[in-house]
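Here is the structure we will look at, set down as structure tokens.
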Amino acid sequence: MALRRRGGAAKTNQLRALGVGRGAVLSAMRAETVIRVRKGWFALTTVSPLERRALIDHGFLTCSTAAMIRGLPAKDPRHYHLRANRPVAGERSGRRRQKFATTGASVSLLDMVEDYLHCQPAEWSLALLDAIERQRVIGDADFCELEERLPRHLRALLALRSSIPESPLESVIRYRLMQAKIRHVMQHPIGPYRVDFLIGHGVVLEALGAEHHANRDAWERDRARTIWLKNAGYEVVEMTYNQLDDWQQVLSVLKKLRTYQLRR
Ligand SMILES: [Zn+2]
């Protein structure tokens with residue numbers, strides 16, 4: 001129980017402060033609910049391999065690695081980023097030397113966001129901020145504290161956060177449309193539907209992230225919606241995560257369609 005409250009992992013002295021003695025730890029280890037990860041560190045057997053690895057490396061997960069553990073957006077699932085009190089051989093780790101708070105094998109949410117914004121591309125940082133705003137996992141006071149810690153260009157990113165995007169893909173597309181100075185409205189109602197992006201008056205851009213669109217029913221629903229929108233006179237462009245790598249092509253399609261719609 002105490003371990004769960006500490007985020008799944010804790011040091012002997014942290015456990016002792018919570019009133020858990022050596023005997024309780026030993027009996028939990030015998031019952032195979034707790035393991036000793038390294039000297040003085042104990043974890044629930046349910047902690048993820050990444051969290052275990054961080055503890056063995058004498059560090060704490062941060063940036064997108066910690067975000068992933070919390071179910072928040074991460075660009076590259078292989079990115080392994082630690083904050084540590086001393087350098088970890090062969091691993092990238094946070095360089096900011098100030099004290100940081102931890103829960104279990106990760107740094108605190110605020111420290112995680114700070115490292116993420118410094119390390120990840122701006123569009124994915126916005127995806128993280130949007131997700132946090134949508135799930136309300138950080139309060140306004142914490143956002144203020146974060147703002148004080150950030151340099152100006154990252155503060156500008158913080159100010160762009162919005163609870164409207166419903167997936168990381170939508171956040172990344174939103175960022176890129178802003179960069180390309182393409183005006184758009186998000187989650188715009190058209191007939192019985194709400195489209196992800198309405199560009200100009202007649203171009204609809206749909207973000208088909210696998211998280212909401214991959215099952216059979218969703219696939220059928222999306223096709224029905226596309227034919228309805230086309231019948232109502234809209235041009236529909238669909239975009240997936242992999243197509244983020246083809247952004248120039250998508251952009252050129254969007255621009256062509258917009259001009260075409262204007263001429264009609
Ligand atoms: Zn990182």
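Numbering starts fresh at 1 for the residues of each chain in the structure tokens, the chains themselves are lettered A, B, ... in the order given, and ligands are numbered from 1 as they appear.
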
message: Based on the backbone DSSP call, show me all residues of segment 35-141 of chain A assigned alpha helix (DSSP H), as a PyMOL selection string.
response: chain A and resi 49-56+63-69+109-119+122-135+140-141

- request: Could you tell me, as a ChimeraX atom specification, which residues of segment 13-74 of chain A DSSP assigns to strand (DSSP E or B) when given the backbone?
  value: /A:34-38,41-44,59-61

query: atom CA of Thr45 of chain A and atom CA of Gly23 of chain A, how far apart in Å?
result: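 Atom CA of Thr45 of chain A lies 17.8 Å from atom CA of Gly23 of chain A.
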
message: Just want the residues within 8 Å of ligand 1, written as a list of chain:residue names, counting only C-alpha atoms and all ligand atoms.
response: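 Counting only C-alpha atoms and all ligand atoms, the residues within 8 Å of ligand 1 come out as A:Thr62, A:Cys63, A:Ser64, A:Thr65, A:His79, A:Tyr80, A:His81, A:Leu82, A:Arg92, A:Ser93, A:Gly94, A:Asp115, A:Tyr116, A:His118, A:Cys119, A:Gln120.
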
Export of prior selection with all heavy atoms as a CSV table (one decimal), in the first residue's frame:
```
chain,number,residue,atom,x,y,z
A,62,THR,N,12.1,10.7,-16.9
A,62,THR,CA,11.6,12.1,-17.2
A,62,THR,C,11.2,12.2,-18.6
A,62,THR,O,11.3,11.2,-19.4
A,62,THR,CB,12.6,13.1,-16.7
A,62,THR,OG1,12.0,14.4,-16.8
A,62,THR,CG2,13.8,13.1,-17.6
A,63,CYS,N,10.9,13.4,-19.1
A,63,CYS,CA,10.6,13.7,-20.5
A,63,CYS,C,9.6,12.7,-21.0
A,63,CYS,O,8.7,12.3,-20.3
A,63,CYS,CB,12.0,13.6,-21.2
A,63,CYS,SG,11.9,14.1,-22.9
A,64,SER,N,9.7,12.3,-22.3
A,64,SER,CA,8.6,11.5,-22.9
A,64,SER,C,8.6,10.1,-22.3
A,64,SER,O,7.6,9.4,-22.4
A,64,SER,CB,8.8,11.5,-24.4
A,64,SER,OG,10.0,10.9,-24.8
A,65,THR,N,9.8,9.7,-21.7
A,65,THR,CA,9.8,8.3,-21.1
A,65,THR,C,8.8,8.3,-20.0
A,65,THR,O,8.0,7.3,-19.8
A,65,THR,CB,11.2,8.0,-20.7
A,65,THR,OG1,12.1,8.5,-21.6
A,65,THR,CG2,11.4,6.5,-20.6
A,79,HIS,N,12.7,6.5,-26.9
A,79,HIS,CA,13.5,7.6,-26.2
A,79,HIS,C,13.6,7.3,-24.7
A,79,HIS,O,12.6,7.2,-24.0
A,79,HIS,CB,12.8,8.9,-26.5
A,79,HIS,CG,13.5,10.1,-25.9
A,79,HIS,ND1,14.7,10.6,-26.3
A,79,HIS,CD2,13.1,10.9,-24.9
A,79,HIS,CE1,15.1,11.6,-25.6
A,79,HIS,NE2,14.1,11.9,-24.7
A,80,TYR,N,14.8,7.1,-24.2
A,80,TYR,CA,15.0,6.8,-22.8
A,80,TYR,C,15.7,8.0,-22.1
A,80,TYR,O,16.8,8.3,-22.4
A,80,TYR,CB,15.8,5.6,-22.7
A,80,TYR,CG,16.1,5.1,-21.3
A,80,TYR,CD1,15.1,4.7,-20.4
A,80,TYR,CD2,17.4,5.0,-20.8
A,80,TYR,CE1,15.4,4.3,-19.1
A,80,TYR,CE2,17.7,4.5,-19.5
A,80,TYR,CZ,16.7,4.2,-18.7
A,80,TYR,OH,16.9,3.7,-17.4
A,81,HIS,N,15.0,8.7,-21.3
A,81,HIS,CA,15.5,10.0,-20.7
A,81,HIS,C,15.4,9.9,-19.2
A,81,HIS,O,14.3,9.8,-18.6
A,81,HIS,CB,14.7,11.1,-21.3
A,81,HIS,CG,15.3,12.5,-21.1
A,81,HIS,ND1,15.1,13.5,-21.9
A,81,HIS,CD2,16.1,12.9,-20.1
A,81,HIS,CE1,15.8,14.6,-21.4
A,81,HIS,NE2,16.4,14.3,-20.3
A,82,LEU,N,16.5,10.1,-18.5
A,82,LEU,CA,16.6,10.1,-17.1
A,82,LEU,C,17.0,11.4,-16.5
A,82,LEU,O,17.7,12.2,-17.1
A,82,LEU,CB,17.6,9.1,-16.6
A,82,LEU,CG,17.4,7.6,-16.9
A,82,LEU,CD1,18.6,6.8,-16.3
A,82,LEU,CD2,16.2,7.1,-16.2
A,92,ARG,N,21.5,9.4,-22.0
A,92,ARG,CA,21.1,10.9,-22.0
A,92,ARG,C,20.5,11.1,-20.7
A,92,ARG,O,19.6,10.4,-20.2
A,92,ARG,CB,20.2,11.1,-23.1
A,92,ARG,CG,19.9,12.6,-23.3
A,92,ARG,CD,18.7,12.8,-24.2
A,92,ARG,NE,18.3,14.2,-24.0
A,92,ARG,CZ,18.9,15.2,-24.6
A,92,ARG,NH1,19.8,15.0,-25.5
A,92,ARG,NH2,18.5,16.4,-24.3
A,93,SER,N,20.9,12.2,-20.0
A,93,SER,CA,20.1,12.5,-18.7
A,93,SER,C,20.0,14.0,-18.6
A,93,SER,O,20.8,14.8,-19.2
A,93,SER,CB,20.9,11.9,-17.5
A,93,SER,OG,22.1,12.4,-17.4
A,94,GLY,N,19.1,14.4,-17.8
A,94,GLY,CA,18.8,15.8,-17.6
A,94,GLY,C,20.0,16.6,-17.1
A,94,GLY,O,20.8,16.1,-16.3
A,115,ASP,N,11.4,19.0,-18.6
A,115,ASP,CA,12.4,18.3,-19.4
A,115,ASP,C,11.9,18.0,-20.8
A,115,ASP,O,12.6,18.1,-21.8
A,115,ASP,CB,12.8,17.0,-18.7
A,115,ASP,CG,13.7,17.2,-17.5
A,115,ASP,OD1,14.3,18.3,-17.4
A,115,ASP,OD2,13.7,16.3,-16.6
A,116,TYR,N,10.6,17.7,-20.9
A,116,TYR,CA,9.9,17.4,-22.1
A,116,TYR,C,10.0,18.6,-23.1
A,116,TYR,O,10.4,18.5,-24.2
A,116,TYR,CB,8.5,17.0,-21.9
A,116,TYR,CG,7.7,16.3,-23.0
A,116,TYR,CD1,7.4,14.9,-22.8
A,116,TYR,CD2,7.3,16.9,-24.1
A,116,TYR,CE1,6.6,14.3,-23.8
A,116,TYR,CE2,6.6,16.2,-25.1
A,116,TYR,CZ,6.2,14.9,-24.9
A,116,TYR,OH,5.5,14.3,-25.8
A,118,HIS,N,12.1,21.0,-23.0
A,118,HIS,CA,13.4,21.3,-23.4
A,118,HIS,C,13.9,20.3,-24.4
A,118,HIS,O,14.8,20.7,-25.3
A,118,HIS,CB,14.4,21.3,-22.2
A,118,HIS,CG,14.3,22.6,-21.4
A,118,HIS,ND1,15.0,23.7,-21.8
A,118,HIS,CD2,13.7,22.9,-20.3
A,118,HIS,CE1,14.8,24.7,-20.9
A,118,HIS,NE2,14.0,24.2,-20.0
A,119,CYS,N,13.4,19.1,-24.4
A,119,CYS,CA,14.1,18.0,-25.1
A,119,CYS,C,13.3,17.7,-26.4
A,119,CYS,O,13.9,17.4,-27.5
A,119,CYS,CB,14.2,16.8,-24.2
A,119,CYS,SG,14.8,15.3,-25.0
A,120,GLN,N,12.0,17.7,-26.4
A,120,GLN,CA,11.2,17.2,-27.5
A,120,GLN,C,10.9,18.3,-28.5
A,120,GLN,O,10.9,19.5,-28.2
A,120,GLN,CB,9.9,16.6,-27.0
A,120,GLN,CG,10.1,15.3,-26.1
A,120,GLN,CD,10.7,14.2,-26.9
A,120,GLN,OE1,10.1,13.8,-28.0
A,120,GLN,NE2,11.8,13.7,-26.5
```

task: Quick one: everything within 12 Å of Asp142 of chain A, counting only C-alpha atoms, minus sequence neighbours fewer than 2 positions away in the same chain. Send it as a ChimeraX atom specification.
output: /A:108-111,113-114,132-133,136-140,144-149

Convert the current residue selection to file output with N, CA and C atoms, as a compact mmCIF listing (two decimals), in the first residue's frame.
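Done, and the output landed in part-v8.txt:
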```txt
# COMPACT_ATOMS: atom_id res chain seq x y z
N SER A 108 8.68 14.24 -10.70
CA SER A 108 7.32 14.75 -10.54
C SER A 108 6.80 15.23 -11.90
N LEU A 109 5.49 15.37 -11.98
CA LEU A 109 4.85 15.76 -13.24
C LEU A 109 5.43 17.07 -13.78
N LEU A 110 5.62 18.03 -12.89
CA LEU A 110 6.11 19.34 -13.31
C LEU A 110 7.53 19.26 -13.86
N ASP A 111 8.39 18.51 -13.17
CA ASP A 111 9.77 18.33 -13.66
C ASP A 111 9.77 17.59 -15.00
N VAL A 113 7.40 17.66 -17.30
CA VAL A 113 6.98 18.57 -18.38
C VAL A 113 8.12 19.51 -18.75
N GLU A 114 8.83 19.99 -17.75
CA GLU A 114 9.95 20.91 -18.00
C GLU A 114 10.99 20.25 -18.90
N ILE A 132 -2.39 17.42 -21.15
CA ILE A 132 -2.42 17.78 -19.73
C ILE A 132 -3.57 18.74 -19.44
N GLU A 133 -3.76 19.68 -20.35
CA GLU A 133 -4.84 20.67 -20.21
C GLU A 133 -6.20 19.96 -20.29
N ARG A 136 -6.72 17.87 -17.24
CA ARG A 136 -6.64 18.68 -16.03
C ARG A 136 -5.75 18.05 -14.96
N VAL A 137 -4.61 17.48 -15.37
CA VAL A 137 -3.73 16.86 -14.38
C VAL A 137 -2.81 17.87 -13.70
N ILE A 138 -2.69 19.08 -14.29
CA ILE A 138 -1.91 20.14 -13.64
C ILE A 138 -2.84 21.32 -13.39
N GLY A 139 -2.79 21.84 -12.20
CA GLY A 139 -3.64 22.99 -11.86
C GLY A 139 -3.02 24.30 -12.35
N ASP A 140 -3.78 25.38 -12.27
CA ASP A 140 -3.29 26.67 -12.74
C ASP A 140 -2.05 27.14 -11.98
N CYS A 144 1.65 28.14 -13.51
CA CYS A 144 2.36 29.39 -13.22
C CYS A 144 3.80 29.11 -12.82
N GLU A 145 3.97 28.08 -11.96
CA GLU A 145 5.32 27.74 -11.52
C GLU A 145 6.17 27.30 -12.71
N LEU A 146 5.56 26.51 -13.58
CA LEU A 146 6.25 26.01 -14.77
C LEU A 146 6.68 27.19 -15.66
N GLU A 147 5.77 28.14 -15.82
CA GLU A 147 6.04 29.30 -16.64
C GLU A 147 7.28 30.04 -16.16
N GLU A 148 7.41 30.15 -14.83
CA GLU A 148 8.57 30.86 -14.28
C GLU A 148 9.87 30.15 -14.57
N ARG A 149 9.80 28.81 -14.68
CA ARG A 149 11.03 28.04 -14.89
C ARG A 149 11.50 28.04 -16.34
```

field: d(atom CA of Asn85 of chain A, atom CA of Met112 of chain A) in Å
entry: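 Rounded to one decimal, the two atoms are 15.2 Å apart.
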
field: Nearby residues (only C-alpha atoms) at most 12 Å from Ala180 of chain A, same-chain spacing under 3 positions excluded, as number ranges by chain
entry: A: 173-177, 183-184, 247-248, 250-252, 254-255

task: Please provide as a list of chain:residue names all residues within 12 Å of Tyr260 of chain A, with the sequence filter that same-chain residues fewer than 2 positions apart are discarded (counting only C-alpha atoms).
output: A:Gly200, A:His201, A:Gly202, A:Val203, A:Tyr234, A:Glu235, A:Val253, A:Leu254, A:Lys255, A:Lys256, A:Leu257, A:Arg258, A:Leu262, A:Arg263, A:Arg264

How would the residues just chosen look if you wrote them out with all heavy atoms as a short mmCIF file (atom, residue, chain, number, x, y, z; two decimals), in the first residue's frame?
```
data_model
loop_
_atom_site.label_atom_id
_atom_site.label_comp_id
_atom_site.auth_asym_id
_atom_site.auth_seq_id
_atom_site.Cartn_x
_atom_site.Cartn_y
_atom_site.Cartn_z
N GLY A 200 -10.69 27.28 -44.22
CA GLY A 200 -11.50 28.11 -45.11
C GLY A 200 -12.97 27.74 -44.89
O GLY A 200 -13.38 27.44 -43.77
N HIS A 201 -13.74 27.74 -46.00
CA HIS A 201 -15.15 27.38 -45.82
C HIS A 201 -15.45 25.97 -46.28
O HIS A 201 -16.51 25.44 -45.99
CB HIS A 201 -16.04 28.37 -46.58
CG HIS A 201 -16.01 29.72 -45.97
ND1 HIS A 201 -16.52 29.99 -44.73
CD2 HIS A 201 -15.46 30.88 -46.42
CE1 HIS A 201 -16.32 31.25 -44.44
NE2 HIS A 201 -15.67 31.82 -45.44
N GLY A 202 -14.53 25.37 -47.05
CA GLY A 202 -14.92 24.10 -47.65
C GLY A 202 -13.96 22.94 -47.53
O GLY A 202 -14.20 21.87 -48.09
N VAL A 203 -12.84 23.11 -46.81
CA VAL A 203 -11.89 21.99 -46.72
C VAL A 203 -11.88 21.43 -45.30
O VAL A 203 -11.70 22.16 -44.33
CB VAL A 203 -10.46 22.43 -47.13
CG1 VAL A 203 -9.53 21.22 -47.10
CG2 VAL A 203 -10.47 23.07 -48.51
N TYR A 234 -18.08 19.48 -49.28
CA TYR A 234 -16.77 19.68 -48.64
C TYR A 234 -15.71 18.80 -49.29
O TYR A 234 -16.00 17.70 -49.75
CB TYR A 234 -16.84 19.36 -47.15
CG TYR A 234 -17.67 20.34 -46.37
CD1 TYR A 234 -19.04 20.14 -46.21
CD2 TYR A 234 -17.10 21.48 -45.85
CE1 TYR A 234 -19.82 21.05 -45.54
CE2 TYR A 234 -17.88 22.41 -45.16
CZ TYR A 234 -19.24 22.19 -45.01
OH TYR A 234 -20.00 23.11 -44.34
N GLU A 235 -14.50 19.32 -49.34
CA GLU A 235 -13.34 18.50 -49.73
C GLU A 235 -12.81 17.90 -48.44
O GLU A 235 -12.64 18.61 -47.45
CB GLU A 235 -12.25 19.36 -50.37
CG GLU A 235 -12.69 20.09 -51.63
CD GLU A 235 -12.84 19.16 -52.82
OE1 GLU A 235 -12.43 17.98 -52.71
OE2 GLU A 235 -13.39 19.59 -53.84
N VAL A 253 -1.66 19.63 -50.98
CA VAL A 253 -3.06 19.27 -51.26
C VAL A 253 -4.00 20.29 -50.63
O VAL A 253 -4.93 20.79 -51.26
CB VAL A 253 -3.38 17.85 -50.73
CG1 VAL A 253 -4.88 17.57 -50.79
CG2 VAL A 253 -2.62 16.79 -51.52
N LEU A 254 -3.74 20.64 -49.37
CA LEU A 254 -4.61 21.60 -48.66
C LEU A 254 -4.65 22.94 -49.39
O LEU A 254 -5.71 23.54 -49.56
CB LEU A 254 -4.12 21.82 -47.23
CG LEU A 254 -4.29 20.67 -46.25
CD1 LEU A 254 -3.72 21.04 -44.88
CD2 LEU A 254 -5.77 20.28 -46.11
N LYS A 255 -3.47 23.39 -49.85
CA LYS A 255 -3.41 24.69 -50.52
C LYS A 255 -4.16 24.66 -51.84
O LYS A 255 -4.89 25.59 -52.18
CB LYS A 255 -1.95 25.11 -50.71
CG LYS A 255 -1.35 25.61 -49.40
CD LYS A 255 0.09 26.01 -49.53
CE LYS A 255 0.59 26.59 -48.20
NZ LYS A 255 2.07 26.59 -48.16
N LYS A 256 -3.97 23.57 -52.60
CA LYS A 256 -4.68 23.43 -53.88
C LYS A 256 -6.19 23.44 -53.67
O LYS A 256 -6.92 24.13 -54.37
CB LYS A 256 -4.28 22.11 -54.55
CG LYS A 256 -3.11 22.25 -55.49
CD LYS A 256 -2.82 20.91 -56.16
CE LYS A 256 -1.32 20.75 -56.31
NZ LYS A 256 -0.91 19.37 -56.50
N LEU A 257 -6.66 22.64 -52.70
CA LEU A 257 -8.10 22.53 -52.45
C LEU A 257 -8.68 23.87 -52.02
O LEU A 257 -9.78 24.23 -52.41
CB LEU A 257 -8.38 21.47 -51.39
CG LEU A 257 -8.18 20.03 -51.83
CD1 LEU A 257 -8.40 19.08 -50.65
CD2 LEU A 257 -9.13 19.66 -52.96
N ARG A 258 -7.91 24.60 -51.21
CA ARG A 258 -8.40 25.87 -50.71
C ARG A 258 -8.59 26.86 -51.87
O ARG A 258 -9.60 27.53 -51.97
CB ARG A 258 -7.43 26.44 -49.68
CG ARG A 258 -8.07 27.48 -48.80
CD ARG A 258 -7.18 27.91 -47.69
NE ARG A 258 -5.83 28.18 -48.20
CZ ARG A 258 -4.90 28.83 -47.50
NH1 ARG A 258 -5.18 29.24 -46.29
NH2 ARG A 258 -3.71 29.03 -48.00
N LEU A 262 -12.07 28.48 -53.30
CA LEU A 262 -12.26 29.93 -53.38
C LEU A 262 -12.77 30.34 -54.76
O LEU A 262 -13.54 31.27 -54.91
CB LEU A 262 -10.94 30.65 -53.08
CG LEU A 262 -10.54 30.70 -51.61
CD1 LEU A 262 -9.20 31.38 -51.45
CD2 LEU A 262 -11.60 31.42 -50.78
N ARG A 263 -12.29 29.58 -55.80
CA ARG A 263 -12.65 29.95 -57.17
C ARG A 263 -14.11 29.62 -57.50
O ARG A 263 -14.68 30.19 -58.39
CB ARG A 263 -11.74 29.21 -58.17
CG ARG A 263 -10.58 30.10 -58.60
CD ARG A 263 -9.96 29.58 -59.87
NE ARG A 263 -8.52 29.45 -59.65
CZ ARG A 263 -7.86 28.32 -59.63
NH1 ARG A 263 -8.49 27.18 -59.87
NH2 ARG A 263 -6.58 28.30 -59.43
N ARG A 264 -14.66 28.63 -56.78
CA ARG A 264 -16.01 28.20 -57.13
C ARG A 264 -17.07 29.25 -56.81
O ARG A 264 -16.95 29.97 -55.84
CB ARG A 264 -16.34 26.89 -56.41
CG ARG A 264 -15.76 25.72 -57.14
CD ARG A 264 -16.51 24.46 -56.81
NE ARG A 264 -16.66 24.32 -55.35
CZ ARG A 264 -17.16 23.22 -54.77
NH1 ARG A 264 -17.55 22.22 -55.52
NH2 ARG A 264 -17.29 23.14 -53.49
#
```

Nearest residue to Phe60 of chain A from the set A:Phe100, A:Trp228, A:Phe42, A:Phe143 (distances using only C-alpha atoms):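 Among the listed residues, the smallest separation from Phe60 of chain A belongs to A:Phe100.
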
task: Determine the nearest neighbour of Pro73 of chain A from the options A:Ser171, A:Asn231, A:Leu150, A:Gln179, counting only C-alpha atoms.
output: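 Looking only at the distances to Pro73 of chain A, the closest residue turns out to be A:Ser171.
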
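For Pro165 of chain A, the non-local neighbours within 9 Å, defined as residues at least 5 positions apart in the same chain or in other chains and counting only C-alpha atoms, are Ala127, Asp130, Ala131, Arg134, Glu170, Ser171, Arg174, Met186, Gln187 and Asp196 of chain A.
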
Near Ala156 of chain A, counting only C-alpha atoms, which residues have an atom at most 12 Å away, once you skip same-chain residues fewer than 5 positions from it, shown as a PDB file with C-alpha atoms, in the first residue's frame?
```
ATOM      1  CA  LEU A 117       9.650  20.946 -23.359  1.00  0.00           C
ATOM      2  CA  ALA A 122       7.798  21.915 -30.242  1.00  0.00           C
ATOM      3  CA  SER A 125       5.545  19.490 -26.588  1.00  0.00           C
ATOM      4  CA  LEU A 126       2.271  21.084 -27.590  1.00  0.00           C
ATOM      5  CA  LEU A 129       0.520  20.375 -23.007  1.00  0.00           C
ATOM      6  CA  GLU A 147       6.037  29.299 -16.645  1.00  0.00           C
ATOM      7  CA  GLU A 148       8.569  30.861 -14.278  1.00  0.00           C
ATOM      8  CA  LEU A 150      10.897  28.209 -18.695  1.00  0.00           C
ATOM      9  CA  PRO A 151      12.831  30.366 -21.158  1.00  0.00           C
ATOM     10  CA  ARG A 161      -2.038  25.014 -24.965  1.00  0.00           C
TER      11      ARG A 161
END
```
